[in-house]
file work-v5.pdb (PDB, C-alpha atoms, pLDDT in the B column)
ATOM      1  CA  MET A1110     193.616  41.917  30.781  1.00 47.00           C
ATOM      2  CA  ALA A1111     190.341  40.925  32.388  1.00 49.00           C
ATOM      3  CA  GLU A1112     189.363  38.913  29.314  1.00 50.00           C
ATOM      4  CA  ARG A1113     192.693  37.058  29.373  1.00 50.00           C
ATOM      5  CA  GLU A1114     192.253  36.218  33.083  1.00 50.00           C
ATOM      6  CA  ASN A1115     188.745  34.922  32.452  1.00 51.00           C
ATOM      7  CA  ARG A1116     190.011  32.784  29.597  1.00 53.00           C
ATOM      8  CA  GLY A1117     192.758  31.399  31.810  1.00 51.00           C
ATOM      9  CA  ARG A1118     190.263  30.541  34.534  1.00 51.00           C
ATOM     10  CA  GLY A1119     188.103  28.737  32.020  1.00 49.00           C
ATOM     11  CA  ARG A1120     191.064  26.608  30.936  1.00 48.00           C
ATOM     12  CA  ASN A1121     191.900  25.745  34.543  1.00 47.00           C
ATOM     13  CA  ARG A1122     188.338  24.608  35.127  1.00 43.00           C
ATOM     14  CA  GLU A1123     188.492  22.397  32.068  1.00 42.00           C
ATOM     15  CA  GLU A1124     191.785  20.896  33.261  1.00 42.00           C
ATOM     16  CA  GLN A1125     190.400  20.240  36.762  1.00 44.00           C
ATOM     17  CA  THR A1126     187.318  18.370  35.546  1.00 46.00           C
ATOM     18  CA  PRO A1127     187.969  14.620  35.658  1.00 57.00           C
ATOM     19  CA  GLU A1128     188.286  12.872  32.319  1.00 81.00           C
ATOM     20  CA  PHE A1129     185.537  10.317  31.805  1.00 86.00           C
ATOM     21  CA  GLN A1130     185.782   7.446  29.388  1.00 89.00           C
ATOM     22  CA  ASP A1131     182.752   5.803  27.846  1.00 90.00           C
ATOM     23  CA  ARG A1132     182.100   2.373  26.433  1.00 92.00           C
ATOM     24  CA  LEU A1133     179.252   1.610  24.029  1.00 93.00           C
ATOM     25  CA  VAL A1134     177.675  -1.656  25.185  1.00 92.00           C
ATOM     26  CA  ALA A1135     174.724  -2.138  22.848  1.00 93.00           C
ATOM     27  CA  ILE A1136     172.784  -0.451  20.048  1.00 94.00           C
ATOM     28  CA  ASN A1137     169.261  -1.562  19.257  1.00 94.00           C
ATOM     29  CA  ARG A1138     167.401  -0.520  16.126  1.00 93.00           C
ATOM     30  CA  VAL A1139     163.670  -0.105  16.649  1.00 89.00           C
ATOM     31  CA  SER A1140     161.009   0.610  14.039  1.00 90.00           C
ATOM     32  CA  LYS A1141     157.580   2.144  14.207  1.00 89.00           C
ATOM     33  CA  THR A1142     155.071   1.361  11.471  1.00 92.00           C
ATOM     34  CA  VAL A1143     153.149   4.444  10.387  1.00 91.00           C
ATOM     35  CA  LYS A1144     150.973   5.404   7.454  1.00 90.00           C
ATOM     36  CA  GLY A1145     153.253   5.364   4.451  1.00 88.00           C
ATOM     37  CA  GLY A1146     155.986   3.097   5.777  1.00 92.00           C
ATOM     38  CA  LYS A1147     158.272   2.623   8.777  1.00 91.00           C
ATOM     39  CA  ARG A1148     160.186   5.039  10.944  1.00 92.00           C
ATOM     40  CA  PHE A1149     163.468   3.769  12.331  1.00 92.00           C
ATOM     41  CA  GLY A1150     165.079   4.823  15.583  1.00 94.00           C
ATOM     42  CA  PHE A1151     168.056   3.732  17.635  1.00 95.00           C
ATOM     43  CA  ALA A1152     168.499   2.970  21.338  1.00 95.00           C
ATOM     44  CA  ALA A1153     172.033   3.083  22.788  1.00 95.00           C
ATOM     45  CA  LEU A1154     173.384   1.696  26.066  1.00 95.00           C
ATOM     46  CA  VAL A1155     176.586   3.372  27.326  1.00 95.00           C
ATOM     47  CA  VAL A1156     178.778   2.870  30.408  1.00 94.00           C
ATOM     48  CA  VAL A1157     180.848   5.838  31.637  1.00 94.00           C
ATOM     49  CA  GLY A1158     183.605   5.909  34.269  1.00 92.00           C
ATOM     50  CA  ASP A1159     186.811   7.630  35.359  1.00 89.00           C
ATOM     51  CA  GLN A1160     188.665   4.318  35.994  1.00 86.00           C
ATOM     52  CA  LYS A1161     189.293   5.496  39.559  1.00 87.00           C
ATOM     53  CA  GLY A1162     186.254   4.152  41.377  1.00 87.00           C
ATOM     54  CA  ARG A1163     183.346   5.954  39.676  1.00 90.00           C
ATOM     55  CA  VAL A1164     180.992   4.422  37.138  1.00 93.00           C
ATOM     56  CA  GLY A1165     177.520   4.924  35.716  1.00 93.00           C
ATOM     57  CA  PHE A1166     175.335   3.805  32.832  1.00 94.00           C
ATOM     58  CA  GLY A1167     172.761   5.482  30.659  1.00 94.00           C
ATOM     59  CA  LYS A1168     170.451   4.799  27.761  1.00 94.00           C
ATOM     60  CA  GLY A1169     169.381   7.149  24.997  1.00 94.00           C
ATOM     61  CA  LYS A1170     166.949   7.008  22.095  1.00 93.00           C
ATOM     62  CA  ALA A1171     167.076   9.055  18.899  1.00 94.00           C
ATOM     63  CA  LYS A1172     166.561   8.826  15.146  1.00 93.00           C
ATOM     64  CA  GLU A1173     170.333   8.873  14.598  1.00 93.00           C
ATOM     65  CA  VAL A1174     173.012   6.744  16.272  1.00 93.00           C
ATOM     66  CA  PRO A1175     175.356   9.607  17.329  1.00 93.00           C
ATOM     67  CA  GLU A1176     172.516  11.494  18.997  1.00 95.00           C
ATOM     68  CA  ALA A1177     171.383   8.354  20.865  1.00 95.00           C
ATOM     69  CA  ILE A1178     174.949   7.785  22.119  1.00 94.00           C
ATOM     70  CA  ARG A1179     175.234  11.432  23.213  1.00 94.00           C
ATOM     71  CA  LYS A1180     171.981  11.227  25.204  1.00 95.00           C
ATOM     72  CA  ALA A1181     173.063   7.943  26.832  1.00 95.00           C
ATOM     73  CA  THR A1182     176.478   9.389  27.772  1.00 94.00           C
ATOM     74  CA  GLU A1183     174.924  12.461  29.398  1.00 94.00           C
ATOM     75  CA  GLN A1184     172.500  10.327  31.399  1.00 94.00           C
ATOM     76  CA  ALA A1185     175.339   8.028  32.509  1.00 93.00           C
ATOM     77  CA  LYS A1186     177.366  10.991  33.819  1.00 92.00           C
ATOM     78  CA  ARG A1187     174.373  12.146  35.881  1.00 92.00           C
ATOM     79  CA  GLN A1188     173.874   8.695  37.443  1.00 90.00           C
ATOM     80  CA  MET A1189     177.442   7.861  38.461  1.00 92.00           C
ATOM     81  CA  ILE A1190     178.170   6.015  41.715  1.00 90.00           C
ATOM     82  CA  ARG A1191     181.396   5.718  43.685  1.00 90.00           C
ATOM     83  CA  VAL A1192     182.767   2.273  44.589  1.00 88.00           C
ATOM     84  CA  ALA A1193     185.594   1.649  47.060  1.00 86.00           C
ATOM     85  CA  LEU A1194     188.306  -0.548  45.550  1.00 87.00           C
ATOM     86  CA  ARG A1195     190.873  -2.633  47.419  1.00 84.00           C
ATOM     87  CA  ASP A1196     194.394  -1.441  46.534  1.00 83.00           C
ATOM     88  CA  GLY A1197     192.753   0.354  43.603  1.00 82.00           C
ATOM     89  CA  ARG A1198     192.502  -2.906  41.621  1.00 85.00           C
ATOM     90  CA  THR A1199     189.866  -5.328  42.986  1.00 87.00           C
ATOM     91  CA  LEU A1200     186.793  -5.628  45.222  1.00 88.00           C
ATOM     92  CA  HIS A1201     186.946  -5.753  49.008  1.00 86.00           C
ATOM     93  CA  HIS A1202     184.730  -8.837  49.296  1.00 86.00           C
ATOM     94  CA  ASP A1203     182.532 -11.169  47.247  1.00 89.00           C
ATOM     95  CA  ILE A1204     179.200  -9.686  46.190  1.00 90.00           C
ATOM     96  CA  GLU A1205     175.973 -10.789  44.557  1.00 92.00           C
ATOM     97  CA  GLY A1206     173.773  -8.389  42.604  1.00 92.00           C
ATOM     98  CA  ARG A1207     170.204  -8.731  41.384  1.00 92.00           C
ATOM     99  CA  HIS A1208     167.836  -6.813  39.170  1.00 92.00           C
ATOM    100  CA  GLY A1209     164.690  -8.397  37.802  1.00 89.00           C
ATOM    101  CA  ALA A1210     165.707 -11.674  36.186  1.00 90.00           C
ATOM    102  CA  GLY A1211     169.365 -10.650  36.156  1.00 89.00           C
ATOM    103  CA  ARG A1212     171.674 -12.165  38.771  1.00 92.00           C
ATOM    104  CA  VAL A1213     175.449 -11.739  38.881  1.00 92.00           C
ATOM    105  CA  VAL A1214     178.189 -12.953  41.224  1.00 93.00           C
ATOM    106  CA  MET A1215     181.424 -10.994  41.656  1.00 92.00           C
ATOM    107  CA  ARG A1216     184.489 -12.211  43.567  1.00 91.00           C
ATOM    108  CA  THR A1217     187.799 -10.683  44.572  1.00 90.00           C
ATOM    109  CA  ALA A1218     190.888 -11.973  42.792  1.00 89.00           C
ATOM    110  CA  PRO A1219     194.670 -11.956  43.359  1.00 88.00           C
ATOM    111  CA  VAL A1220     197.050  -9.800  41.346  1.00 88.00           C
ATOM    112  CA  GLY A1221     197.407 -10.879  37.724  1.00 87.00           C
ATOM    113  CA  THR A1222     193.999 -12.517  37.396  1.00 88.00           C
ATOM    114  CA  GLY A1223     192.617  -9.863  35.064  1.00 90.00           C
ATOM    115  CA  ILE A1224     188.966  -9.159  34.351  1.00 91.00           C
ATOM    116  CA  ILE A1225     187.079 -12.409  33.956  1.00 91.00           C
ATOM    117  CA  ALA A1226     183.633 -11.201  32.911  1.00 90.00           C
ATOM    118  CA  GLY A1227     181.285 -11.223  29.972  1.00 85.00           C
ATOM    119  CA  GLY A1228     180.353  -8.331  27.672  1.00 85.00           C
ATOM    120  CA  PRO A1229     178.303  -5.769  29.636  1.00 90.00           C
ATOM    121  CA  MET A1230     179.918  -6.644  32.983  1.00 92.00           C
ATOM    122  CA  ARG A1231     183.405  -6.286  31.509  1.00 92.00           C
ATOM    123  CA  ALA A1232     182.535  -2.766  30.329  1.00 92.00           C
ATOM    124  CA  VAL A1233     181.459  -1.801  33.868  1.00 92.00           C
ATOM    125  CA  PHE A1234     184.655  -3.160  35.451  1.00 92.00           C
ATOM    126  CA  GLU A1235     186.923  -1.528  32.873  1.00 91.00           C
ATOM    127  CA  MET A1236     185.284   1.882  33.301  1.00 92.00           C
ATOM    128  CA  LEU A1237     185.343   1.451  37.094  1.00 90.00           C
ATOM    129  CA  GLY A1238     189.076   0.770  37.117  1.00 89.00           C
ATOM    130  CA  VAL A1239     188.977  -2.826  38.392  1.00 89.00           C
ATOM    131  CA  GLN A1240     191.983  -4.844  37.270  1.00 90.00           C
ATOM    132  CA  ASP A1241     191.390  -8.238  38.907  1.00 91.00           C
ATOM    133  CA  VAL A1242     187.936  -9.761  39.341  1.00 91.00           C
ATOM    134  CA  VAL A1243     186.113 -13.021  38.699  1.00 92.00           C
ATOM    135  CA  SER A1244     182.428 -12.686  37.830  1.00 92.00           C
ATOM    136  CA  LYS A1245     179.584 -14.742  36.431  1.00 92.00           C
ATOM    137  CA  SER A1246     176.144 -13.849  35.116  1.00 91.00           C
ATOM    138  CA  ILE A1247     173.655 -16.496  36.197  1.00 91.00           C
ATOM    139  CA  GLY A1248     170.333 -14.928  35.205  1.00 85.00           C
ATOM    140  CA  SER A1249     169.152 -12.846  32.286  1.00 88.00           C
ATOM    141  CA  ALA A1250     171.502 -12.196  29.356  1.00 90.00           C
ATOM    142  CA  ASN A1251     169.773  -8.882  28.660  1.00 92.00           C
ATOM    143  CA  PRO A1252     172.569  -6.238  28.787  1.00 93.00           C
ATOM    144  CA  TYR A1253     170.330  -3.713  30.573  1.00 92.00           C
ATOM    145  CA  ASN A1254     169.494  -6.176  33.363  1.00 92.00           C
ATOM    146  CA  MET A1255     173.110  -7.387  33.615  1.00 93.00           C
ATOM    147  CA  ILE A1256     174.463  -3.862  34.083  1.00 93.00           C
ATOM    148  CA  ARG A1257     171.751  -2.946  36.587  1.00 93.00           C
ATOM    149  CA  ALA A1258     172.428  -6.145  38.567  1.00 93.00           C
ATOM    150  CA  THR A1259     176.190  -5.428  38.519  1.00 92.00           C
ATOM    151  CA  LEU A1260     175.692  -1.883  39.825  1.00 92.00           C
ATOM    152  CA  ASN A1261     173.229  -3.187  42.428  1.00 92.00           C
ATOM    153  CA  GLY A1262     175.945  -5.473  43.774  1.00 91.00           C
ATOM    154  CA  LEU A1263     178.641  -2.772  43.648  1.00 90.00           C
ATOM    155  CA  LYS A1264     176.440  -0.405  45.660  1.00 89.00           C
ATOM    156  CA  ALA A1265     176.255  -3.036  48.420  1.00 86.00           C
ATOM    157  CA  GLU A1266     180.047  -3.318  48.684  1.00 85.00           C
ATOM    158  CA  GLN A1267     181.542  -2.001  51.920  1.00 82.00           C
ATOM    159  CA  SER A1268     185.139  -1.085  52.609  1.00 79.00           C
ATOM    160  CA  PRO A1269     186.774  -1.827  55.993  1.00 75.00           C
ATOM    161  CA  ARG A1270     186.941   1.929  56.645  1.00 76.00           C
ATOM    162  CA  ASN A1271     183.162   2.327  56.271  1.00 74.00           C
ATOM    163  CA  VAL A1272     182.477  -0.672  58.515  1.00 77.00           C
ATOM    164  CA  ALA A1273     184.913   0.641  61.140  1.00 78.00           C
ATOM    165  CA  GLN A1274     183.265   4.072  61.163  1.00 75.00           C
ATOM    166  CA  ARG A1275     179.800   2.560  61.508  1.00 74.00           C
ATOM    167  CA  ARG A1276     180.853   0.299  64.402  1.00 76.00           C
ATOM    168  CA  GLY A1277     183.017   2.903  66.100  1.00 77.00           C
ATOM    169  CA  LYS A1278     186.202   0.852  65.859  1.00 75.00           C
ATOM    170  CA  LYS A1279     189.568   1.070  64.195  1.00 75.00           C
ATOM    171  CA  VAL A1280     190.269  -0.552  60.826  1.00 70.00           C
ATOM    172  CA  ALA A1281     192.985  -2.719  62.421  1.00 73.00           C
ATOM    173  CA  ASP A1282     190.420  -4.191  64.849  1.00 69.00           C
ATOM    174  CA  ILE A1283     188.173  -5.336  62.000  1.00 67.00           C
ATOM    175  CA  LEU A1284     190.714  -6.743  59.556  1.00 71.00           C
ATOM    176  CA  PRO A1285     192.160 -10.213  60.296  1.00 70.00           C
ATOM    177  CA  LYS A1286     195.653 -10.119  61.749  1.00 64.00           C
ATOM    178  CA  ARG A1287     197.408 -11.671  58.750  1.00 57.00           C
ATOM    179  CA  ASP A1288     200.899 -10.793  59.916  1.00 45.00           C
ATOM    180  CA  VAL A1289     200.488 -12.735  63.179  1.00 41.00           C
ATOM    181  CA  VAL A1290     199.029 -15.742  61.351  1.00 45.00           C
ATOM    182  CA  ASP A1291     201.841 -15.679  58.780  1.00 45.00           C
ATOM    183  CA  GLU A1292     204.491 -15.538  61.512  1.00 43.00           C
ATOM    184  CA  GLN A1293     202.957 -18.521  63.318  1.00 48.00           C
ATOM    185  CA  THR A1294     202.825 -20.465  60.053  1.00 45.00           C
ATOM    186  CA  ASP A1295     206.473 -19.698  59.298  1.00 48.00           C
ATOM    187  CA  VAL A1296     207.562 -20.800  62.796  1.00 46.00           C
ATOM    188  CA  ALA A1297     205.606 -24.071  62.519  1.00 51.00           C
ATOM    189  CA  HIS A1298     207.023 -24.693  59.055  1.00 51.00           C
ATOM    190  CA  ASN A1299     210.644 -24.045  60.051  1.00 50.00           C
ATOM    191  CA  ALA A1300     210.507 -26.039  63.318  1.00 51.00           C
ATOM    192  CA  PRO A1301     211.180 -29.501  61.738  1.00 52.00           C
ATOM    193  CA  VAL A1302     214.116 -28.039  59.793  1.00 48.00           C
ATOM    194  CA  ALA A1303     215.641 -26.643  62.990  1.00 47.00           C
ATOM    195  CA  GLU A1304     215.212 -30.015  64.797  1.00 50.00           C
ATOM    196  CA  ALA A1305     216.901 -31.899  61.950  1.00 49.00           C
ATOM    197  CA  THR A1306     219.817 -29.462  61.996  1.00 48.00           C
ATOM    198  CA  ALA A1307     220.227 -29.891  65.766  1.00 51.00           C
ATOM    199  CA  ASP A1308     220.246 -33.710  65.491  1.00 55.00           C
ATOM    200  CA  ALA A1309     222.909 -33.587  62.790  1.00 52.00           C
TER     201      ALA A1309
END

call {"tool": "encode", "arguments": {"input": "work-v5.pdb", "output": "structure tokens"}}
result
Amino acid sequence: MAERENRGRGRNREEQTPEFQDRLVAINRVSKTVKGGKRFGFAALVVVGDQKGRVGFGKGKAKEVPEAIRKATEQAKRQMIRVALRDGRTLHHDIEGRHGAGRVVMRTAPVGTGIIAGGPMRAVFEMLGVQDVVSKSIGSANPYNMIRATLNGLKAEQSPRNVAQRRGKKVADILPKRDVVDEQTDVAHNAPVAEATADA
């Protein structure tokens, strides 16, 4: 009985652990010249995320490709960061990220825009769970620098809730009053129509 209970608990733990997805971004073959020939190795760059606001990247080196990918995946899981998403689909505000010669710009986008990003950046957004974003890499095209610059910008993102807590205010006090502005716009737009109806 005790063994069955322990087995059941183990299954529950496995079910509770979040499922991470990984994306292989780049594989680089490197060689070392030694006495008698060359020794080849492989370096892998992997992005891991749960598509719910957590993402990380890792790199691994080994003599075989599968082992390099495994090492990179494990490192990525250890270095994951959490990013607050607006409505679970896009960024809260425009951001700029930098790392070395890499410079990226990321902007919020309306529903239906999709992920407009190049190679390494697209992998980060897909693993993060972003559905609508417009981004551009302006600096280095090196995938390592691009991913580091992207994560540097994502770390700097702030949600209205975090800003409100830091300033000791409510979220409603920080966000623009869109409803009031929309109502005023509708009234101004419908006023000429009402006047024309009255004259008729």

call {"tool": "resolve_selection", "arguments": {"input": "work-v5.pdb", "expression": "the PyMOL selection byres ((chain A and resi 1248) around 12)", "output": "VMD selection string"}}
result
chain A and resid 1205 to 1214 1245 to 1247 1249 to 1252 1254 to 1256 1258 to 1259

call {"tool": "atom_distance", "arguments": {"input": "work-v5.pdb", "atom1": "CA of Thr1217 in chain A", "atom2": "CA of Gly1197 in chain A"}}
result
12.1 Å

call {"tool": "resolve_selection", "arguments": {"input": "work-v5.pdb", "expression": "the PyMOL selection byres ((chain A and resi 1234-1243) around 8)", "output": "mmCIF file with C-alpha atoms, keeping the file's coordinate frame"}}
result
data_model
loop_
_atom_site.group_PDB
_atom_site.id
_atom_site.type_symbol
_atom_site.label_atom_id
_atom_site.label_comp_id
_atom_site.auth_asym_id
_atom_site.auth_seq_id
_atom_site.Cartn_x
_atom_site.Cartn_y
_atom_site.Cartn_z
ATOM 1 C CA GLN A 1130 185.782 7.446 29.388
ATOM 2 C CA ASP A 1131 182.752 5.803 27.846
ATOM 3 C CA ARG A 1132 182.100 2.373 26.433
ATOM 4 C CA VAL A 1156 178.778 2.870 30.408
ATOM 5 C CA VAL A 1157 180.848 5.838 31.637
ATOM 6 C CA GLY A 1158 183.605 5.909 34.269
ATOM 7 C CA ASP A 1159 186.811 7.630 35.359
ATOM 8 C CA GLN A 1160 188.665 4.318 35.994
ATOM 9 C CA LYS A 1161 189.293 5.496 39.559
ATOM 10 C CA GLY A 1162 186.254 4.152 41.377
ATOM 11 C CA ARG A 1163 183.346 5.954 39.676
ATOM 12 C CA VAL A 1164 180.992 4.422 37.138
ATOM 13 C CA VAL A 1192 182.767 2.273 44.589
ATOM 14 C CA LEU A 1194 188.306 -0.548 45.550
ATOM 15 C CA GLY A 1197 192.753 0.354 43.603
ATOM 16 C CA ARG A 1198 192.502 -2.906 41.621
ATOM 17 C CA THR A 1199 189.866 -5.328 42.986
ATOM 18 C CA LEU A 1200 186.793 -5.628 45.222
ATOM 19 C CA MET A 1215 181.424 -10.994 41.656
ATOM 20 C CA ARG A 1216 184.489 -12.211 43.567
ATOM 21 C CA THR A 1217 187.799 -10.683 44.572
ATOM 22 C CA ALA A 1218 190.888 -11.973 42.792
ATOM 23 C CA PRO A 1219 194.670 -11.956 43.359
ATOM 24 C CA VAL A 1220 197.050 -9.800 41.346
ATOM 25 C CA GLY A 1221 197.407 -10.879 37.724
ATOM 26 C CA THR A 1222 193.999 -12.517 37.396
ATOM 27 C CA GLY A 1223 192.617 -9.863 35.064
ATOM 28 C CA ILE A 1224 188.966 -9.159 34.351
ATOM 29 C CA ILE A 1225 187.079 -12.409 33.956
ATOM 30 C CA ALA A 1226 183.633 -11.201 32.911
ATOM 31 C CA MET A 1230 179.918 -6.644 32.983
ATOM 32 C CA ARG A 1231 183.405 -6.286 31.509
ATOM 33 C CA ALA A 1232 182.535 -2.766 30.329
ATOM 34 C CA VAL A 1233 181.459 -1.801 33.868
ATOM 35 C CA SER A 1244 182.428 -12.686 37.830
ATOM 36 C CA LYS A 1245 179.584 -14.742 36.431
#

call {"tool": "closest_residue", "arguments": {"input": "work-v5.pdb", "among": "A:Ala1152, A:Leu1284, A:Ala1265, A:Ala1273", "to": "Ala1181 in chain A", "atoms": "all atoms listed in the file"}}
result
A:Ala1152

call {"tool": "residues_around", "arguments": {"input": "work-v5.pdb", "residues": "Pro1175 in chain A", "least_positions_apart": "4", "cutoff": "12 Å", "atoms": "only C-alpha atoms", "output": "VMD selection string"}}
result
chain A and resid 1133 1136 1150 to 1155 1169 to 1171 1179 to 1182

call {"tool": "write_last_selection", "arguments": {"input": "work-v5.pdb", "atoms": "C-alpha atoms", "output": "PDB file, in the coordinates of the input"}}
result
ATOM      1  CA  LEU A1133     179.252   1.610  24.029  1.00 93.00           C
ATOM      2  CA  ILE A1136     172.784  -0.451  20.048  1.00 94.00           C
ATOM      3  CA  GLY A1150     165.079   4.823  15.583  1.00 94.00           C
ATOM      4  CA  PHE A1151     168.056   3.732  17.635  1.00 95.00           C
ATOM      5  CA  ALA A1152     168.499   2.970  21.338  1.00 95.00           C
ATOM      6  CA  ALA A1153     172.033   3.083  22.788  1.00 95.00           C
ATOM      7  CA  LEU A1154     173.384   1.696  26.066  1.00 95.00           C
ATOM      8  CA  VAL A1155     176.586   3.372  27.326  1.00 95.00           C
ATOM      9  CA  GLY A1169     169.381   7.149  24.997  1.00 94.00           C
ATOM     10  CA  LYS A1170     166.949   7.008  22.095  1.00 93.00           C
ATOM     11  CA  ALA A1171     167.076   9.055  18.899  1.00 94.00           C
ATOM     12  CA  ARG A1179     175.234  11.432  23.213  1.00 94.00           C
ATOM     13  CA  LYS A1180     171.981  11.227  25.204  1.00 95.00           C
ATOM     14  CA  ALA A1181     173.063   7.943  26.832  1.00 95.00           C
ATOM     15  CA  THR A1182     176.478   9.389  27.772  1.00 94.00           C
TER      16      THR A1182
END

call {"tool": "atom_distance", "arguments": {"input": "work-v5.pdb", "atom1": "CA of Ala1135 in chain A", "atom2": "CA of Gly1167 in chain A"}}
result
11.1 Å

call {"tool": "atom_distance", "arguments": {"input": "work-v5.pdb", "atom1": "CA of Leu1260 in chain A", "atom2": "CA of Gly1165 in chain A"}}
result
8.2 Å

call {"tool": "decode", "arguments": {"input": "work-v5.pdb", "residues": "range 1215-1231 of chain A", "atoms": "N, CA, C and O atoms", "output": "short mmCIF file (atom, residue, chain, number, x, y, z; two decimals), in the first residue's frame"}}
result
data_model
loop_
_atom_site.label_atom_id
_atom_site.label_comp_id
_atom_site.auth_asym_id
_atom_site.auth_seq_id
_atom_site.Cartn_x
_atom_site.Cartn_y
_atom_site.Cartn_z
N MET A 1215 11.26 46.75 -29.30
CA MET A 1215 10.04 45.95 -29.24
C MET A 1215 8.86 46.87 -28.93
O MET A 1215 8.95 47.69 -28.03
N ARG A 1216 7.76 46.70 -29.68
CA ARG A 1216 6.60 47.57 -29.51
C ARG A 1216 5.32 46.74 -29.33
O ARG A 1216 5.19 45.65 -29.90
N THR A 1217 4.39 47.29 -28.57
CA THR A 1217 3.10 46.63 -28.40
C THR A 1217 2.34 46.66 -29.73
O THR A 1217 2.61 47.50 -30.59
N ALA A 1218 1.39 45.76 -29.87
CA ALA A 1218 0.65 45.68 -31.13
C ALA A 1218 -0.79 45.28 -30.85
O ALA A 1218 -1.08 44.59 -29.87
N PRO A 1219 -1.73 45.74 -31.70
CA PRO A 1219 -3.15 45.37 -31.52
C PRO A 1219 -3.40 43.90 -31.84
O PRO A 1219 -2.54 43.22 -32.43
N VAL A 1220 -4.57 43.44 -31.49
CA VAL A 1220 -4.94 42.04 -31.73
C VAL A 1220 -4.90 41.72 -33.21
O VAL A 1220 -5.36 42.50 -34.04
N GLY A 1221 -4.33 40.57 -33.55
CA GLY A 1221 -4.27 40.14 -34.94
C GLY A 1221 -3.00 40.50 -35.67
O GLY A 1221 -2.81 40.11 -36.82
N THR A 1222 -2.11 41.24 -35.01
CA THR A 1222 -0.86 41.64 -35.67
C THR A 1222 0.06 40.45 -35.87
O THR A 1222 0.72 40.32 -36.90
N GLY A 1223 0.13 39.57 -34.88
CA GLY A 1223 1.04 38.44 -34.96
C GLY A 1223 2.42 38.81 -34.46
O GLY A 1223 2.65 39.93 -33.96
N ILE A 1224 3.35 37.89 -34.60
CA ILE A 1224 4.73 38.13 -34.16
C ILE A 1224 5.55 38.58 -35.36
O ILE A 1224 5.84 37.79 -36.25
N ILE A 1225 5.88 39.86 -35.37
CA ILE A 1225 6.73 40.40 -36.42
C ILE A 1225 8.13 40.53 -35.83
O ILE A 1225 8.45 41.49 -35.14
N ALA A 1226 8.95 39.52 -36.08
CA ALA A 1226 10.30 39.47 -35.52
C ALA A 1226 11.15 38.52 -36.33
O ALA A 1226 10.63 37.63 -37.00
N GLY A 1227 12.44 38.70 -36.25
CA GLY A 1227 13.36 37.84 -36.97
C GLY A 1227 13.85 36.71 -36.08
O GLY A 1227 13.83 36.81 -34.86
N GLY A 1228 14.29 35.64 -36.73
CA GLY A 1228 14.81 34.41 -36.15
C GLY A 1228 14.89 34.25 -34.64
O GLY A 1228 13.94 33.81 -34.01
N PRO A 1229 16.02 34.65 -34.02
CA PRO A 1229 16.19 34.44 -32.59
C PRO A 1229 15.13 35.15 -31.74
O PRO A 1229 14.65 34.61 -30.75
N MET A 1230 14.75 36.36 -32.14
CA MET A 1230 13.74 37.11 -31.38
C MET A 1230 12.38 36.43 -31.46
O MET A 1230 11.64 36.37 -30.48
N ARG A 1231 12.06 35.89 -32.61
CA ARG A 1231 10.78 35.18 -32.78
C ARG A 1231 10.72 33.98 -31.84
O ARG A 1231 9.68 33.71 -31.24
#
